[in-house]
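Colleague: One structure follows; several queries about it will come next.
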Amino acid sequence: MKSIFLSSALIALLALSGCSTKEPAIDTTDDSAKMAATDTLTETIPEDVMTVDADGFSGADSNEMTMSGIERKMQSVTFDFDRFEIRPDMQENVEGNIKLVNSDAQDYTIKLEGNCDEWGSDEYNYALGLKRANSVKTEMIQSGVDAGRITMVSYGESNPVCTDKTDACWSENRRVDFKLLP
Amino acid sequence: MRILLVLLFSLTLLFSADATIEVTKRVDGLSSMAVEDASVDYKDGLSKRFFKALVGDLNVLSLFNVKDEYTTTYFDDDNVDRSNKKSDYVLRYSLEKDDSGVFIVHAKMLSDDSTVFSKKYRLRNSEQYIFIVHAIAYDVNAYMGADPVDWMKRKVILTRLVAPQKSEILLTDYTLSYQRVIIRGGLNVFPKWADKKQSSFYFTDLDGRIPTLYKMDIYTGKSEKITSSDGMLICSDVRQDGKKLLLTMAPNGQPDIYLYDIENKKRQRLTKYGGIDVNAQFMSDDRITFVSNRLGYPNVFAKKIGSKAVEQMVYYGKSNAACSAHGDLIVYKARESANAFSRNTFNLHLISTKTDFIRRLTATGVNEFPRFSKDGDAILFIKSYKQQSSIGVVRLKHNKNFLFPLKIGKIQSMDW
């Protein structure tokens with residue numbers, strides 16, 4: 001998908017790039033009698049920068065509908081602030097998801113999506129989301145799921161399910177979601 | 001007016017070799033400056049926006065007490081406006097459009113009714129007038145013999161979150177006055193300039209099967225895949241020569257720091273701690289600073305590339321989750337309060353590796369993602385306060401902070 005987007009973007013850019021001059025500049029001329037040397041300032045201005053659209057792929061086939069049906073049955077696993085250990089009260093969710101992984105979802109790759117609350121947009125927050133996903137992955141492997149079926153990604157704070165400014169909302173966002181890949 | 005100068009902490013700082021030390025002096029020691037609009041064209045509002053932006057930039061220079069009263073005059077008038085007679089300096093500008101539609105700005109600075117500086121600026125597109133404003137301020141600063149402010153003219157690239165899992169990468173200036181979307185849609189985060197010319201940048205694409213690092217040329221739109229990693233992949237820093245990258249990668253689910261060679265595409269793992277190691281920054285070609293939770297909480301450490309020894313750099317704050325280095329100076333983000341969800345939680349602090357001084361740079365809101373300018377004169381950071389996301393600028397030697405709010409979306413990360 002990415003390659004299609006890049007290819008189409010490149011073609012569009014090549015087509016458009018001939019229409020304009022790249023790297024426009026601020027031309028400056030020193031016309032002060034007191035300044036002997038002409039100071040020519042060349043400023044690169046992003047005038048002809050192109051906008052690339054990373055979207056544009058939509059629609060769902062029957063396989064995707066089946067996948068989303070299974071995904072809806074899977075429960076998110078939530079975590080304490082700044083922690084990545086699975087809480088005892090979340091064990092039931094993890095085990096329930098593992099059963100689905102080994103039954104309805106046995107033909108799919110499992111994508112574990114780690115997420116954080118809004119307190120921080122830095123790399124540490126993304127790493128925290130990843131460590132949460134990795135805690136779930138470790139438990140899945142210990143339960144017999146093939147490690148080769150599991151991929152992970154951390155979205156940090158960029159994928160909230162709740163945007164209220166409350167403890168409950170922040171708690172909801174500190175989570176790992178289970179998604180399926182063909 | 002797009003630019004909103006919100007905060008001036010205290011007023012001045014005596015120039016000092018150690019930027020962590022604050023010494024104040026009286027503001028009335030500054031020269032006075034007035035700005036006059038002598039525009040022939042663009043009187044539909046651009047000339048006034050230009051005035052406000054120029055006053056804003058002159059304030060950021062921190063060299064003058066700048067009058068913000070709008071006055072008009074003729075460009076070639078030998079005398080300054082009567083209301084500006086007492087000003088030590090008067091900066092006069094004229095916006096014009098030539099026969100071919102080119103945007104032209106004449107600018108001159110007067111002192112004692114004599115022209116001491118004069119320059120003509122040309123640009124094909126008046127929408128980008130802010131870059132001429134920055135160029136004028138840069139030239140005024142140079143004329144005054146102050147420390148260079150090259151950072152003022154640099155382009156800023158940032159990721160704006162517009163919806164869950166949706167972002168835009170914007171090209172802008174440090175005041176966010178000019179904004180151009182480079183990548184729309186998808187979830188693309190952590191843009192990082194790839195070269196000194198700012199013609200290309202790295203970014204992480206989180207839409208694919210696994211996180212992938214791309215490099216994109218901003219003028220052609222052409223992207224090339226650099227590498228990918230399960231879990232997370234971020235370009236934390238680019239070496240000055242652009243040939244090596246510091247990456248946070250997690251090929252085995254374990255976030256560690258890697259040195260990536262652009263030419264031979266080989267990577268070298270620099271940290272092997274079982275917890276979290278992220279946010280590496282070059283202190284020099286063979287020494288890095290980074291954030292790790294190896295003490296049980298995030299803190300700032302340093303190590304020599306190739307050595308196993310790790311040195312703790314910060315001894316204040318119980319959650320120091322982000323940092324930026326410039327030579328011996330390190331700026332870091334610290335959670336101030338014990339309560340994770342209290343207000344006024346995250347502030348930026350500056351330390352020198354050669355002294356024990358700590359200087360707090362911010363006072364309110366959530367302040368994070370600090371980034372030193374290339375010359376160390378200023379620090380750019382992201383501030384979130386009352387649901388407003390802003391770019392902040394700290395002038396270290398002048399002890400002043402300035403904020404420029406983003407109207408739509410939340411700033412996720414940026415580089416300049």
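Chain labels follow the order of the structure tokens: the first chain is A, the next B, and so on; residue numbering restarts at 1 in every chain, and ligands are counted from 1 in their shown order.
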Write out as CSV a residue-level contact list of chain B versus chain A with cut-off 7 Å: for each qualifying residue the closest pair of atoms and the distance in Å to one decimal, counting only C-alpha atoms, rows sorted by chain and residue number upward.
Modeller:
residue,atom,partner,partner_atom,distance
B:Val116,CA,A:Lys34,CA,6.6
B:Phe117,CA,A:Ser32,CA,5.9
B:Ser118,CA,A:Ser32,CA,4.6
B:Lys119,CA,A:Asp30,CA,4.2
B:Lys120,CA,A:Thr29,CA,4.8
B:Tyr121,CA,A:Thr28,CA,4.2
B:Arg122,CA,A:Asp27,CA,4.8
B:Leu123,CA,A:Ile26,CA,5.0
B:Leu161,CA,A:Ser158,CA,6.9
B:Pro164,CA,A:Asn159,CA,4.3
B:Gln165,CA,A:Asn159,CA,5.1
B:Val181,CA,A:Thr51,CA,5.9
B:Ile182,CA,A:Thr51,CA,4.5
B:Ile183,CA,A:Val52,CA,4.8
B:Arg184,CA,A:Asp53,CA,4.9
B:Gly185,CA,A:Ala54,CA,4.8
B:Gly186,CA,A:Ala54,CA,5.4
B:Ile210,CA,A:Val153,CA,6.6
B:Pro211,CA,A:Val153,CA,6.8
B:Ile218,CA,A:Val49,CA,5.6
B:Tyr219,CA,A:Val49,CA,4.8
B:Thr220,CA,A:Leu13,CA,6.2
B:Gly221,CA,A:Met50,CA,6.0
B:Lys222,CA,A:Leu10,CA,5.7
B:Ser223,CA,A:Leu6,CA,6.8
B:Asp230,CA,A:Met152,CA,5.9
B:Gly231,CA,A:Val153,CA,4.1
B:Met232,CA,A:Val153,CA,6.0
B:Gly253,CA,A:Asn134,CA,5.9
B:Pro255,CA,A:Ala127,CA,6.2
B:Ile276,CA,A:Ala127,CA,6.5
B:Val278,CA,A:Glu123,CA,6.2
B:Asn279,CA,A:Glu123,CA,6.0
B:Ala321,CA,A:Tyr124,CA,6.0
B:Ala322,CA,A:Asp122,CA,6.4
B:Phe369,CA,A:Asp122,CA,6.3
B:Gln412,CA,A:Ser121,CA,5.6
B:Ser413,CA,A:Ser121,CA,6.9
Colleague: Extract, using only C-alpha atoms, all DNA, RNA and protein residues at most 8 Å from B:Val393, discarding same-chain residues fewer than 3 positions from it, and format them as a VMD selection string.
Modeller: chain B and resid 378 to 381 401 to 403
Colleague: Save out the residues we just selected, N, CA, C and O atoms, as a compact mmCIF listing (two decimals), in the first residue's frame.
Modeller:
# COMPACT_ATOMS: atom_id res chain seq x y z
N ALA B 378 19.17 29.12 21.36
CA ALA B 378 17.74 29.05 21.71
C ALA B 378 17.30 27.60 21.82
O ALA B 378 17.96 26.68 21.33
N ILE B 379 16.19 27.42 22.51
CA ILE B 379 15.58 26.09 22.62
C ILE B 379 14.14 26.20 22.15
O ILE B 379 13.39 27.08 22.58
N LEU B 380 13.77 25.32 21.26
CA LEU B 380 12.39 25.23 20.81
C LEU B 380 11.73 24.09 21.59
O LEU B 380 12.36 23.07 21.85
N PHE B 381 10.47 24.25 21.96
CA PHE B 381 9.80 23.16 22.68
C PHE B 381 8.30 23.20 22.41
O PHE B 381 7.78 24.17 21.83
N ASN B 401 11.06 33.77 27.31
CA ASN B 401 10.31 32.72 26.62
C ASN B 401 9.22 33.34 25.76
O ASN B 401 8.61 34.34 26.15
N PHE B 402 8.98 32.74 24.61
CA PHE B 402 7.93 33.22 23.71
C PHE B 402 7.09 32.02 23.25
O PHE B 402 7.63 30.94 23.02
N LEU B 403 5.80 32.25 23.11
CA LEU B 403 4.90 31.17 22.71
C LEU B 403 4.15 31.51 21.43
O LEU B 403 3.71 32.65 21.26
Colleague: Return the single residue from A:Met65, A:Val94, A:Ile86, A:Leu180 that is closest to A:Thr109, with distances computed using only C-alpha atoms.
Modeller: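 Once distances to A:Thr109 are computed over only C-alpha atoms, the minimum belongs to A:Leu180.
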Colleague: Can you tell me how far atom CA of A:Ala168 sits from atom CA of A:Gln75, in Å to one decimal?
Modeller: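 Atom CA of A:Gln75 lies at a distance of 17.0 Å from atom CA of A:Ala168.
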